[in-house]
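See below for input31.cif, which holds mmCIF, C-alpha atoms.
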data_work
#
loop_
_atom_site.label_atom_id
_atom_site.label_comp_id
_atom_site.auth_asym_id
_atom_site.auth_seq_id
_atom_site.Cartn_x
_atom_site.Cartn_y
_atom_site.Cartn_z
CA MET A 27 -79.19 -2.52 42.24
CA ASN A 28 -82.57 -0.81 41.76
CA ARG A 29 -81.94 2.84 40.96
CA PRO A 30 -84.72 5.40 41.50
CA PRO A 31 -86.77 5.98 38.34
CA SER A 32 -86.70 9.26 36.43
CA ARG A 33 -89.13 12.08 37.28
CA SER A 34 -91.62 11.24 34.53
CA ALA A 35 -91.38 7.52 35.26
CA ALA A 36 -91.83 8.23 38.98
CA ALA A 37 -95.00 10.22 38.27
CA ASN A 38 -96.36 7.33 36.20
CA LEU A 39 -95.50 4.84 38.95
CA LEU A 40 -97.21 6.99 41.58
CA ARG A 41 -100.34 7.21 39.44
CA LEU A 42 -100.33 3.49 38.65
CA SER A 43 -99.68 2.54 42.29
CA GLY A 44 -102.59 4.68 43.47
CA ARG A 45 -104.95 3.20 40.90
CA GLY A 46 -103.75 -0.30 41.64
CA LEU A 47 -104.28 0.17 45.37
CA LEU A 48 -107.82 1.47 44.89
CA ARG A 49 -108.58 -1.53 42.71
CA ASP A 50 -106.94 -3.95 45.16
CA LEU A 51 -108.96 -2.63 48.10
CA ARG A 52 -111.89 -4.63 46.69
CA ALA A 53 -109.91 -7.81 47.42
CA SER A 54 -110.37 -9.40 50.83
CA ASP A 55 -106.64 -9.96 51.41
CA VAL A 56 -105.81 -6.26 50.92
CA ARG A 57 -108.62 -5.23 53.25
CA ALA A 58 -107.36 -7.76 55.79
CA LEU A 59 -103.82 -6.38 55.44
CA PHE A 60 -105.13 -2.84 55.91
CA VAL A 61 -107.12 -3.79 59.02
CA ALA A 62 -104.20 -5.76 60.50
CA LEU A 63 -101.80 -2.84 60.02
CA ALA A 64 -104.32 -0.39 61.49
CA LEU A 65 -104.92 -2.62 64.51
CA ALA A 66 -101.19 -3.07 65.11
CA VAL A 67 -100.61 0.69 65.05
CA ALA A 68 -103.74 1.33 67.15
CA ALA A 69 -102.69 -1.21 69.78
CA SER A 70 -99.16 0.11 70.12
CA THR A 71 -100.32 3.73 70.07
CA MET A 72 -103.09 3.19 72.58
CA ILE A 73 -100.88 1.24 74.99
CA GLY A 74 -98.06 3.75 74.60
CA PHE A 75 -100.26 6.79 75.27
CA PHE A 76 -102.11 5.07 78.10
CA LEU A 77 -98.92 3.78 79.71
CA ASP A 78 -97.35 7.23 79.60
CA ARG A 79 -100.39 8.91 81.13
CA LEU A 80 -100.81 6.16 83.71
CA ASP A 81 -97.15 6.38 84.71
CA ARG A 82 -97.36 10.16 85.08
CA GLY A 83 -100.62 9.86 86.99
CA LEU A 84 -99.32 7.20 89.37
CA THR A 85 -96.10 9.12 89.88
CA ARG A 86 -98.08 12.27 90.65
CA GLN A 87 -100.30 10.40 93.11
CA ALA A 88 -97.25 8.83 94.72
CA GLY A 89 -95.65 12.26 94.91
CA GLN A 90 -98.68 13.43 96.89
CA LEU A 91 -98.08 10.68 99.45
CA LEU A 92 -94.46 11.75 99.80
CA GLY A 93 -95.12 15.47 99.59
CA GLY A 94 -92.88 15.85 96.55
CA ASP A 95 -90.76 14.01 94.00
CA LEU A 96 -87.89 14.00 96.49
CA VAL A 97 -87.94 14.36 100.28
CA LEU A 98 -84.86 14.99 102.42
CA GLU A 99 -85.14 14.59 106.19
CA GLN A 100 -82.70 15.16 109.05
CA GLY A 101 -82.61 16.42 112.62
CA ARG A 102 -81.20 19.89 111.85
CA PRO A 103 -82.00 22.65 109.34
CA PHE A 104 -80.66 22.26 105.81
CA ASP A 105 -77.87 24.60 104.75
CA ASP A 106 -78.19 27.21 102.01
CA GLU A 107 -75.58 25.50 99.80
CA LEU A 108 -77.72 22.38 99.44
CA ARG A 109 -80.80 24.47 98.72
CA GLN A 110 -78.97 26.38 96.01
CA THR A 111 -77.76 23.13 94.41
CA LEU A 112 -81.29 21.72 94.28
CA GLU A 113 -82.72 24.94 92.88
CA ASP A 114 -80.00 25.13 90.24
CA ALA A 115 -80.99 21.60 89.16
CA GLY A 116 -84.52 22.86 88.43
CA LEU A 117 -86.35 21.80 91.60
CA SER A 118 -88.80 23.90 93.60
CA LEU A 119 -88.41 23.58 97.37
CA SER A 120 -90.71 23.61 100.37
CA ASP A 121 -89.70 23.53 104.04
CA GLN A 122 -91.55 21.45 106.61
CA VAL A 123 -90.90 20.84 110.30
CA ASP A 124 -92.51 17.96 112.21
CA MET A 125 -92.55 17.32 115.95
CA VAL A 126 -94.80 16.10 118.77
CA THR A 127 -95.86 18.63 121.38
CA MET A 128 -98.62 19.53 123.81
CA VAL A 129 -101.49 21.79 122.78
CA SER A 130 -103.83 23.38 125.31
CA LEU A 131 -107.07 25.32 125.36
CA ASP A 132 -108.21 26.62 128.75
CA GLU A 133 -107.94 23.58 131.03
CA ALA A 134 -107.75 20.98 128.24
CA PHE A 135 -104.38 19.54 127.23
CA GLN A 136 -103.71 17.15 124.37
CA PRO A 137 -100.56 15.74 122.69
CA ALA A 138 -100.52 16.72 119.03
CA SER A 139 -98.43 16.05 115.96
CA LEU A 140 -97.16 19.47 114.96
CA LYS A 141 -96.62 20.22 111.29
CA ALA A 142 -95.12 23.56 110.24
CA VAL A 143 -95.35 24.36 106.54
CA ASP A 144 -94.36 27.30 104.34
CA ARG A 145 -96.03 29.17 101.49
CA ALA A 146 -94.88 26.63 98.85
CA TYR A 147 -96.75 23.75 100.54
CA PRO A 148 -98.12 21.54 99.06
CA HIS A 149 -96.22 20.71 95.87
CA TYR A 150 -98.92 18.26 94.73
CA GLY A 151 -102.55 17.90 95.58
CA ARG A 152 -104.75 20.15 97.68
CA ILE A 153 -105.75 20.37 101.32
CA GLN A 154 -109.35 19.62 102.28
CA VAL A 155 -110.17 22.09 105.06
CA ASP A 156 -113.31 23.43 106.69
CA ARG A 157 -112.94 27.16 107.45
CA GLY A 158 -116.53 27.74 108.48
CA GLU A 159 -118.21 27.58 105.09
CA GLY A 160 -118.04 23.86 104.46
CA ILE A 161 -115.17 21.74 103.27
CA GLU A 162 -113.15 23.43 100.55
CA SER A 163 -110.04 22.46 98.59
CA VAL A 164 -107.12 24.86 98.95
CA ALA A 165 -103.57 24.80 97.57
CA HIS A 166 -101.86 26.41 100.57
CA GLY A 167 -101.40 25.97 104.28
CA PRO A 168 -102.46 28.25 107.15
CA ALA A 169 -101.32 31.87 107.19
CA PRO A 170 -98.98 33.17 109.93
CA GLY A 171 -100.80 33.39 113.26
CA GLU A 172 -103.32 30.71 112.28
CA ALA A 173 -103.64 27.04 113.17
CA TRP A 174 -105.56 24.30 111.39
CA LEU A 175 -106.59 21.39 113.59
CA ALA A 176 -107.56 17.84 112.80
CA PRO A 177 -111.24 17.26 113.70
CA ARG A 178 -110.22 14.75 116.41
CA LEU A 179 -107.91 17.29 118.04
CA ALA A 180 -110.63 19.94 117.95
CA LEU A 181 -113.03 17.46 119.57
CA LEU A 182 -110.57 16.55 122.33
CA LEU A 183 -109.83 20.19 123.09
CA GLU A 184 -113.47 21.23 122.56
CA ALA A 185 -112.07 23.91 120.25
CA GLU A 186 -114.11 25.89 117.75
CA LEU A 187 -113.18 28.20 114.93
CA GLY A 188 -111.93 31.48 116.34
CA ASP A 189 -110.55 30.00 119.58
CA ARG A 190 -106.93 30.61 120.50
CA VAL A 191 -104.90 27.53 121.38
CA GLN A 192 -101.63 27.53 123.29
CA VAL A 193 -98.71 25.93 121.44
CA GLY A 194 -95.52 26.16 123.48
CA GLU A 195 -95.07 29.80 124.42
CA GLY A 196 -97.20 31.08 121.55
CA GLU A 197 -100.89 31.35 120.81
CA LEU A 198 -102.54 30.64 117.48
CA THR A 199 -106.06 31.26 116.25
CA VAL A 200 -107.99 28.23 115.05
CA THR A 201 -109.18 29.10 111.55
CA GLY A 202 -109.73 25.69 109.97
CA LEU A 203 -110.32 21.96 110.46
CA VAL A 204 -108.16 19.79 108.21
CA GLU A 205 -110.11 16.89 106.75
CA ARG A 206 -107.37 15.61 104.47
CA GLU A 207 -103.73 16.37 103.68
CA PRO A 208 -102.07 15.41 100.38
CA ASP A 209 -98.93 14.09 102.13
CA GLN A 210 -100.45 12.39 105.15
CA SER A 211 -97.71 10.12 106.54
CA GLY A 212 -98.08 7.10 108.77
CA GLY A 213 -95.17 7.46 111.15
CA PHE A 214 -95.35 6.74 114.88
CA GLY A 215 -95.63 10.44 115.75
CA ASN A 216 -98.67 10.78 113.52
CA PHE A 217 -100.80 8.63 115.79
CA ASN A 218 -101.47 11.92 117.56
CA PRO A 219 -104.02 14.26 115.98
CA ARG A 220 -102.61 16.92 113.69
CA LEU A 221 -102.04 20.62 114.22
CA MET A 222 -100.82 22.53 111.17
CA LEU A 223 -99.27 25.98 111.42
CA HIS A 224 -97.08 28.31 109.38
CA VAL A 225 -93.35 27.77 109.70
CA ASP A 226 -92.85 31.47 110.57
CA ASP A 227 -94.77 30.89 113.82
CA LEU A 228 -92.46 28.11 114.97
CA GLU A 229 -89.89 30.46 116.52
CA ALA A 230 -92.53 32.20 118.64
CA THR A 231 -93.56 28.86 120.19
CA ASN A 232 -89.99 28.33 121.45
CA LEU A 233 -90.48 24.58 121.04
CA VAL A 234 -87.22 23.97 119.18
CA GLN A 235 -84.79 23.46 122.03
CA PRO A 236 -81.58 21.42 122.40
CA GLY A 237 -82.57 17.78 122.78
CA ALA A 238 -86.02 18.25 121.25
CA ARG A 239 -87.00 15.63 118.70
CA VAL A 240 -87.51 17.74 115.60
CA GLU A 241 -87.62 16.50 112.02
CA TYR A 242 -86.66 18.98 109.32
CA GLU A 243 -87.91 18.04 105.87
CA LEU A 244 -87.01 19.57 102.54
CA LEU A 245 -89.62 18.70 99.92
CA ALA A 246 -88.53 19.06 96.29
CA ALA A 247 -90.59 18.85 93.12
CA GLY A 248 -89.36 18.90 89.54
CA PRO A 249 -88.85 16.94 86.32
CA PRO A 250 -87.39 13.40 86.39
CA GLN A 251 -84.28 14.63 84.55
CA ALA A 252 -83.47 16.94 87.45
CA LEU A 253 -83.69 14.08 89.94
CA GLU A 254 -81.50 11.83 87.80
CA SER A 255 -78.81 14.51 87.62
CA LEU A 256 -78.65 14.60 91.43
CA GLY A 257 -77.77 10.91 91.82
CA PRO A 258 -74.20 11.42 93.17
CA LEU A 259 -75.36 14.16 95.54
CA LEU A 260 -78.16 12.00 96.95
CA GLU A 261 -75.76 9.10 97.51
CA ARG A 262 -73.45 11.41 99.43
CA LEU A 263 -76.34 12.68 101.54
CA ARG A 264 -77.34 9.12 102.39
CA ARG A 265 -73.81 8.37 103.58
CA GLU A 266 -73.93 11.52 105.74
CA GLY A 267 -77.06 10.27 107.51
CA VAL A 268 -79.71 12.26 105.64
CA GLU A 269 -82.88 10.28 104.96
CA VAL A 270 -83.55 10.50 101.23
CA ARG A 271 -86.95 9.36 99.98
CA ASP A 272 -88.28 9.11 96.44
CA VAL A 273 -91.14 7.20 94.88
CA ARG A 274 -89.38 4.32 93.17
CA ARG A 275 -86.35 3.65 95.34
CA ASP A 276 -87.36 4.50 98.88
CA ARG A 277 -91.04 3.63 98.73
CA PRO A 278 -90.90 0.03 97.42
CA GLY A 279 -94.66 -0.43 97.47
CA LEU A 280 -95.31 2.54 95.25
CA GLY A 281 -92.30 1.91 93.05
CA ASN A 282 -93.22 -1.75 92.55
CA ALA A 283 -96.79 -0.79 91.67
CA LEU A 284 -95.49 1.52 88.96
CA GLU A 285 -93.14 -1.13 87.59
CA ARG A 286 -95.83 -3.83 87.57
CA ALA A 287 -98.23 -1.54 85.73
CA GLU A 288 -95.58 -0.74 83.13
CA LYS A 289 -94.68 -4.41 82.60
CA TYR A 290 -98.30 -5.54 82.35
CA LEU A 291 -99.30 -2.88 79.84
CA SER A 292 -96.12 -3.36 77.82
CA LEU A 293 -96.82 -7.11 77.66
CA ALA A 294 -100.41 -6.45 76.60
CA GLY A 295 -99.21 -4.10 73.86
CA LEU A 296 -96.62 -6.64 72.67
CA ALA A 297 -99.24 -9.39 72.51
CA ALA A 298 -101.55 -7.17 70.46
CA VAL A 299 -98.76 -6.28 68.05
CA LEU A 300 -97.73 -9.95 67.68
CA LEU A 301 -101.30 -11.01 66.88
CA ALA A 302 -101.60 -8.21 64.36
CA GLY A 303 -98.24 -9.26 62.92
CA VAL A 304 -99.52 -12.78 62.30
CA ALA A 305 -102.53 -11.32 60.47
CA VAL A 306 -100.21 -9.08 58.43
CA ALA A 307 -98.02 -12.04 57.46
CA MET A 308 -101.00 -14.13 56.37
CA ALA A 309 -102.54 -11.27 54.39
CA THR A 310 -99.18 -10.42 52.79
CA ARG A 311 -98.71 -14.00 51.59
CA ARG A 312 -102.11 -13.97 49.93
CA TYR A 313 -101.36 -10.52 48.47
CA VAL A 314 -98.11 -11.72 46.89
CA GLU A 315 -99.66 -14.89 45.45
CA ARG A 316 -102.50 -12.91 43.88
CA HIS A 317 -100.12 -10.42 42.22
CA LEU A 318 -97.81 -12.99 40.61
CA ASP A 319 -99.96 -13.09 37.47
CA THR A 320 -100.14 -9.27 37.41
CA ALA A 321 -96.36 -9.04 37.62
CA ALA A 322 -95.92 -11.56 34.82
CA LEU A 323 -98.37 -9.66 32.62
CA LEU A 324 -96.59 -6.35 33.24
CA ARG A 325 -93.27 -7.96 32.33
CA CYS A 326 -94.81 -9.05 29.03
CA PHE A 327 -95.80 -5.41 28.39
CA GLY A 328 -92.19 -4.32 28.87
CA ALA A 329 -92.00 -3.42 32.54
CA THR A 330 -88.62 -4.07 34.12
CA GLN A 331 -88.01 -5.73 37.45
CA ARG A 332 -87.06 -2.35 38.87
CA ASP A 333 -90.41 -0.89 37.77
CA LEU A 334 -92.28 -3.76 39.42
CA VAL A 335 -90.35 -3.34 42.67
CA TRP A 336 -91.13 0.39 42.82
CA LEU A 337 -94.76 -0.14 41.79
CA PHE A 338 -95.60 -2.65 44.49
CA ALA A 339 -93.45 -0.87 47.07
CA LEU A 340 -95.41 2.33 46.46
CA GLN A 341 -98.70 0.46 46.75
CA LEU A 342 -97.68 -1.01 50.09
CA LEU A 343 -96.39 2.41 51.18
CA TRP A 344 -99.75 4.06 50.48
CA LEU A 345 -101.48 1.24 52.28
CA ALA A 346 -99.17 1.47 55.29
CA LEU A 347 -99.51 5.26 55.54
CA ALA A 348 -103.31 5.12 55.42
CA ALA A 349 -103.42 2.26 57.94
CA SER A 350 -100.93 4.03 60.26
CA LEU A 351 -102.95 7.25 60.20
CA LEU A 352 -106.18 5.41 60.96
CA GLY A 353 -104.46 3.30 63.63
CA ALA A 354 -102.98 6.38 65.33
CA LEU A 355 -106.40 8.03 65.46
CA LEU A 356 -107.98 4.83 66.83
CA GLY A 357 -105.20 4.52 69.42
CA LEU A 358 -105.65 8.11 70.55
CA ALA A 359 -109.39 7.60 70.89
CA GLY A 360 -108.90 4.22 72.58
CA GLN A 361 -106.66 5.55 75.35
CA ALA A 362 -109.18 8.31 76.02
CA VAL A 363 -111.88 5.65 76.38
CA LEU A 364 -109.64 3.65 78.75
CA LEU A 365 -109.08 6.72 80.90
CA THR A 366 -112.82 7.37 80.98
CA LEU A 367 -113.51 3.80 82.06
#
Once you've parsed the file, please lay out its structure as structure tokens.
Amino acid sequence: MNRPPSRSAAANLLRLSGRGLLRDLRASDVRALFVALALAVAASTMIGFFLDRLDRGLTRQAGQLLGGDLVLEQGRPFDDELRQTLEDAGLSLSDQVDMVTMVSLDEAFQPASLKAVDRAYPHYGRIQVDRGEGIESVAHGPAPGEAWLAPRLALLLEAELGDRVQVGEGELTVTGLVEREPDQSGGFGNFNPRLMLHVDDLEATNLVQPGARVEYELLAAGPPQALESLGPLLERLRREGVEVRDVRRDRPGLGNALERAEKYLSLAGLAAVLLAGVAVAMATRRYVERHLDTAALLRCFGATQRDLVWLFALQLLWLALAASLLGALLGLAGQAVLLTL
């Protein structure tokens, strides 16, 4: 068993290993070993960083399509107990109500897809809206008493900014034209042009009546750990008839895209590491063969087998540390270049 050398012997071995490594760097096999190690670390680091950022970016983009990391939908309002459970798990909530209704302006009538949102909307992304000064990007919906119309709805109603449109029994002032929503859905009801209003104005319209087709949505956003902890609760909600949507499970297209991206990049990283491993093995073999005579000479000068093991282990350790540091820096720079491209 090779015991650690004494303090003085260790200092000598450290000094000798450093000198030996500097001398060996002039040899082609050591330089090849250094480059192979650096490339292996750079490849794995670059793929790891890039895969993590790509996964978070795709998940965020997918969350914009859903309106949140988790969306619950049913035909009646959600109770306070469920809200409290989701908030205790670390999720932020946003209420949304969807329905199809008739909107009028003077003598013009047009079916519209009504969307009532609260102050927390949207969780992800921004709304592209024209409020009279060109299209701007905002991170909130209309204020109480205001309505934002889709350009097609405004064209059909011949509505302009400042007009008051009739929605049910209430009137709302048109203050914006919505060019793009972060959670634009493609359901059947959304074939009608959009009208967005504040959820506090919904009661004044008196549109929510028994038998009306109303969809209540609870949009939640939070860390993945919070969603994983709610697994049993979500299964129970599904059995009770609540529609539960998330990126990976309930949107197969988005979830499959994320999984394919992860598999492809992981395979690319593995291939790069394997190729670098072959280069490391070839360079290591040449390194060992070249140092056989050096080891024999040191044994003649009185060095023990333990001293030789520690000496060459320290040399390889210095080499690996330097190559890992360079590879990590190259990987960090490489993933930034990939993101730029």
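When the PyMOL selection byres ((chain A and resi 119) around 9) is evaluated on the file shown here, the picked residues come out as A:Gly94, A:Arg109, A:Leu112, A:Glu113, A:Leu117, A:Ser118, A:Ser120, A:Asp121, A:Ala146, A:Tyr147, A:His149, A:Leu244, A:Leu245, A:Ala246, A:Ala247.
Going from CA of Pro219 (chain A) over to CA of Pro137 (chain A), you cover 7.7 Å.
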- [ ] For CA of Leu342 (chain A) and CA of Ala322 (chain A), determine how far apart the two atoms are, in Å to one decimal place.
- [x] 18.6 Å
TODO: Apply the PyMOL selection byres ((chain A and resi 182) around 10) to the displayed file and report the matching residues as a list in words.
DONE: Leu131, Ala134, Phe135, Gln136, Pro177, Arg178, Leu179, Ala180, Leu181, Leu183, Glu184, Ala185 and Pro219 of chain A
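Atom pair CA of His166 (chain A) / CA of Arg206 (chain A): separated by 12.7 Å.
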Open item on the list: I'd like to see the residues matched by the PyMOL selection byres ((chain A and resi 301-305) around 8) on this file, and ideally I'd get them as JSON, numbers by chain.
Closed with: {"A": [58, 59, 62, 63, 65, 66, 297, 298, 299, 300, 306, 307, 308, 309]}
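Proximity ranking of A:Ala64, A:Ala294, A:Val97, A:Val240 relative to Leu352 (chain A) places A:Ala64 first, based on only C-alpha atoms.
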Task: Top pick for closest residue to Glu266 (chain A), considering A:Val56, A:Val335, A:Leu98, A:Leu356 and counting all atoms listed in the file - done: A:Leu98
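With all atoms listed in the file as the atoms that count, the minimum distance from Asp272 (chain A) to the choices A:Met125, A:Leu347, A:Leu96, A:Ile73 is reached by A:Leu96.
Among A:Val193, A:Val67, A:Leu187, A:Leu92, the residue with the shortest atom-to-atom distance to Tyr150 (chain A), counting all atoms listed in the file, is A:Leu92.
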- [ ] Quick one: everything within 12 Å of Leu228 (chain A), counting only C-alpha atoms, minus sequence neighbours fewer than 2 positions away in the same chain. Send it as JSON, numbers by chain.
- [x] {"A": [122, 123, 124, 125, 127, 140, 141, 142, 143, 144, 170, 171, 172, 173, 193, 194, 195, 196, 197, 198, 222, 223, 224, 225, 226, 230, 231, 232, 233, 234, 235, 240]}
Open item on the list: Using only C-alpha atoms, can you tell me which of A:Glu254, A:Glu186, A:Glu288, A:Asp227 comes closest to Arg82 (chain A)?
Closed with: A:Glu288
Repair of region 165-187 of chain A at the level of N, CA, C and O atoms, as a compact mmCIF listing (two decimals), in the coordinates of the input:
# COMPACT_ATOMS: atom_id res chain seq x y z
N ALA A 165 -104.93 25.18 97.98
CA ALA A 165 -103.57 24.80 97.57
C ALA A 165 -102.52 25.52 98.40
O ALA A 165 -101.45 25.86 97.91
N HIS A 166 -102.82 25.75 99.68
CA HIS A 166 -101.86 26.41 100.57
C HIS A 166 -102.17 26.01 101.99
O HIS A 166 -103.26 25.49 102.31
N GLY A 167 -101.22 26.26 102.88
CA GLY A 167 -101.40 25.97 104.28
C GLY A 167 -101.93 27.18 105.03
O GLY A 167 -102.32 28.19 104.44
N PRO A 168 -101.96 27.12 106.36
CA PRO A 168 -102.46 28.25 107.15
C PRO A 168 -101.53 29.45 107.05
O PRO A 168 -100.32 29.32 106.85
N ALA A 169 -102.10 30.63 107.20
CA ALA A 169 -101.32 31.87 107.19
C ALA A 169 -100.63 32.04 108.54
O ALA A 169 -101.00 31.39 109.53
N PRO A 170 -99.63 32.91 108.63
CA PRO A 170 -98.98 33.17 109.93
C PRO A 170 -99.99 33.62 110.97
O PRO A 170 -100.87 34.44 110.71
N GLY A 171 -99.87 33.08 112.18
CA GLY A 171 -100.80 33.39 113.26
C GLY A 171 -102.01 32.50 113.31
O GLY A 171 -102.81 32.60 114.25
N GLU A 172 -102.16 31.60 112.33
CA GLU A 172 -103.32 30.71 112.28
C GLU A 172 -102.89 29.26 112.53
O GLU A 172 -101.73 28.89 112.33
N ALA A 173 -103.85 28.47 112.96
CA ALA A 173 -103.64 27.04 113.17
C ALA A 173 -104.82 26.29 112.59
O ALA A 173 -105.97 26.71 112.76
N TRP A 174 -104.52 25.19 111.89
CA TRP A 174 -105.56 24.30 111.39
C TRP A 174 -105.47 23.00 112.18
O TRP A 174 -104.38 22.39 112.27
N LEU A 175 -106.57 22.58 112.74
CA LEU A 175 -106.59 21.39 113.59
C LEU A 175 -107.26 20.23 112.87
O LEU A 175 -108.16 20.43 112.05
N ALA A 176 -106.82 19.02 113.23
CA ALA A 176 -107.56 17.84 112.80
C ALA A 176 -108.87 17.79 113.58
O ALA A 176 -108.93 18.22 114.74
N PRO A 177 -109.95 17.30 112.99
CA PRO A 177 -111.24 17.26 113.70
C PRO A 177 -111.15 16.54 115.05
O PRO A 177 -111.80 16.95 116.02
N ARG A 178 -110.34 15.48 115.13
CA ARG A 178 -110.22 14.75 116.41
C ARG A 178 -109.56 15.61 117.48
O ARG A 178 -109.95 15.57 118.65
N LEU A 179 -108.56 16.41 117.08
CA LEU A 179 -107.91 17.29 118.04
C LEU A 179 -108.88 18.38 118.51
O LEU A 179 -108.92 18.73 119.70
N ALA A 180 -109.64 18.93 117.57
CA ALA A 180 -110.63 19.94 117.95
C ALA A 180 -111.66 19.37 118.90
O ALA A 180 -112.11 20.04 119.85
N LEU A 181 -112.05 18.10 118.69
CA LEU A 181 -113.03 17.46 119.57
C LEU A 181 -112.45 17.25 120.95
O LEU A 181 -113.13 17.50 121.97
N LEU A 182 -111.20 16.80 121.03
CA LEU A 182 -110.57 16.55 122.33
C LEU A 182 -110.37 17.84 123.12
O LEU A 182 -110.48 17.85 124.35
N LEU A 183 -110.05 18.91 122.42
CA LEU A 183 -109.83 20.19 123.09
C LEU A 183 -111.13 20.99 123.24
O LEU A 183 -111.12 22.04 123.91
N GLU A 184 -112.21 20.50 122.61
CA GLU A 184 -113.47 21.23 122.56
C GLU A 184 -113.24 22.62 121.97
O GLU A 184 -113.76 23.64 122.45
N ALA A 185 -112.43 22.65 120.91
CA ALA A 185 -112.07 23.91 120.25
C ALA A 185 -113.02 24.18 119.10
O ALA A 185 -113.48 23.26 118.41
N GLU A 186 -113.30 25.45 118.87
CA GLU A 186 -114.11 25.89 117.75
C GLU A 186 -113.35 26.93 116.96
O GLU A 186 -112.34 27.48 117.43
N LEU A 187 -113.83 27.19 115.76
CA LEU A 187 -113.18 28.20 114.93
C LEU A 187 -113.21 29.55 115.64
O LEU A 187 -114.24 29.98 116.17
